[in-house]
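Structure first, commentary second.
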Amino acid sequence: GVGVSDKKLRNQFNYSERASQTFNNPLRERPTVTEPPPSVGFNSMVTQWEVFDAFLEDIEVKSIAKDKSSQQQQKKPQAGGGEKEEEEETLKEAAKEGDIVHSAAMSKSLKVMERMVNQNTYDDIAQDFKYWDDQSDTFKEGEGTLLPLWKFFTDKVRRKHVTALCWNPEYYDLFAVGYGSYDFMKQGSGVICCFSLKNPSHPEYSFTTETGVMCLDFHPQHSSLLAVGCYDGTVMIFDIRNKLNKPIFQSTVKTGKHTDPVWQGCWQGEEPAKN
């Protein structure tokens, strides 16, 4: 058998253990005095007559809205189904003018609060979007690394294909997505969703079409106008500021609509003399 050597191996790093004691620096206290921040005191008292006056004001607003509705019904007794729906919407808006909870100011405030909550929820993703950088990319020639950030989804587009995407030329956080189907034997309705990087949880605006959406394009000067091309050959123009599921322009058989799918749409630039 092979014998085991009892020779001790020397430390190749010449390591030696040495203890030492360092001097601890004395602590020094430096007090300072600052001016207190300015404060303003505010108090108020609500009396019974103020509550009564607000109640009467609310009744007056509702009565004015009711009078407007009765006048419109007298002027148009034979209005069609579409006009009746518009009248009902105007009545609801008139009734909501005196309602603080359903007012436009409250809607705007809730939108800001929702974005603030989402910003806290997706703070890690926002930090990666601003500052993330893979240092290993410097050693890769012609290659790089992609980091998935946001994921946008809504239940309205379940089992639909993403057929088009377009960024807004004015608001860099806003983009539109068109949904349809590439299975041309099984065509259904289409959906248009406008998402914002400030709120990945829900689309800012959404519109529906009778057939699948094939292409999208924002107007380069008027960023609220969105051109949509559908599978049945229809071309529609939506104004996303209206927030209504109704295009402001739509090609029909009377305007010479073709029946082939619209694969690509593009706005023609306006001449400077016409602006």
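Residue names in the structure tokens use chain letters A, B, ... in the order shown, residue numbers from 1 in each chain, and ligand numbers from 1 in the order shown.
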
(message) With only C-alpha atoms as the counted atoms, please give the residues lying no more than 12 Å from range 143-146 of chain A, apart from itself and same-chain residues fewer than 4 positions off, as a ChimeraX atom specification.
(response) /A:128-129,132-139

Output as a tab-separated table one row per residue of range 191-238 of chain A within 7 Å of range 161-165 of chain A: the closest atom pair and its distance in Å to one decimal place, counting only C-alpha atoms, sorted by chain and residue number ascending.
residue	atom	partner	partner_atom	distance
A:Val213	CA	A:Thr163	CA	6.7
A:Met214	CA	A:Thr163	CA	5.5
A:Cys215	CA	A:Ala164	CA	5.1
A:Leu216	CA	A:Ala164	CA	6.0

Would you mind exporting all heavy atoms of the selected residues as a short mmCIF file (atom, residue, chain, number, x, y, z; two decimals), in the first residue's frame?
data_model
loop_
_atom_site.label_atom_id
_atom_site.label_comp_id
_atom_site.auth_asym_id
_atom_site.auth_seq_id
_atom_site.Cartn_x
_atom_site.Cartn_y
_atom_site.Cartn_z
N VAL A 213 -60.23 44.40 -36.30
CA VAL A 213 -59.38 45.54 -36.65
C VAL A 213 -58.09 45.00 -37.27
O VAL A 213 -57.47 44.06 -36.75
CB VAL A 213 -59.07 46.38 -35.40
CG1 VAL A 213 -58.13 47.53 -35.74
CG2 VAL A 213 -60.36 46.90 -34.79
N MET A 214 -57.67 45.62 -38.39
CA MET A 214 -56.47 45.18 -39.09
C MET A 214 -55.33 46.19 -39.00
O MET A 214 -54.16 45.82 -39.05
CB MET A 214 -56.78 44.91 -40.56
CG MET A 214 -57.69 43.71 -40.80
SD MET A 214 -56.86 42.13 -40.53
CE MET A 214 -57.57 41.62 -38.96
N CYS A 215 -55.64 47.49 -38.87
CA CYS A 215 -54.57 48.50 -38.83
C CYS A 215 -55.07 49.73 -38.07
O CYS A 215 -56.27 49.97 -37.96
CB CYS A 215 -54.11 48.89 -40.24
SG CYS A 215 -55.42 49.59 -41.27
N LEU A 216 -54.11 50.49 -37.55
CA LEU A 216 -54.38 51.71 -36.80
C LEU A 216 -53.35 52.77 -37.18
O LEU A 216 -52.23 52.45 -37.58
CB LEU A 216 -54.29 51.46 -35.28
CG LEU A 216 -55.27 50.48 -34.64
CD1 LEU A 216 -54.83 50.21 -33.21
CD2 LEU A 216 -56.67 51.02 -34.67
#
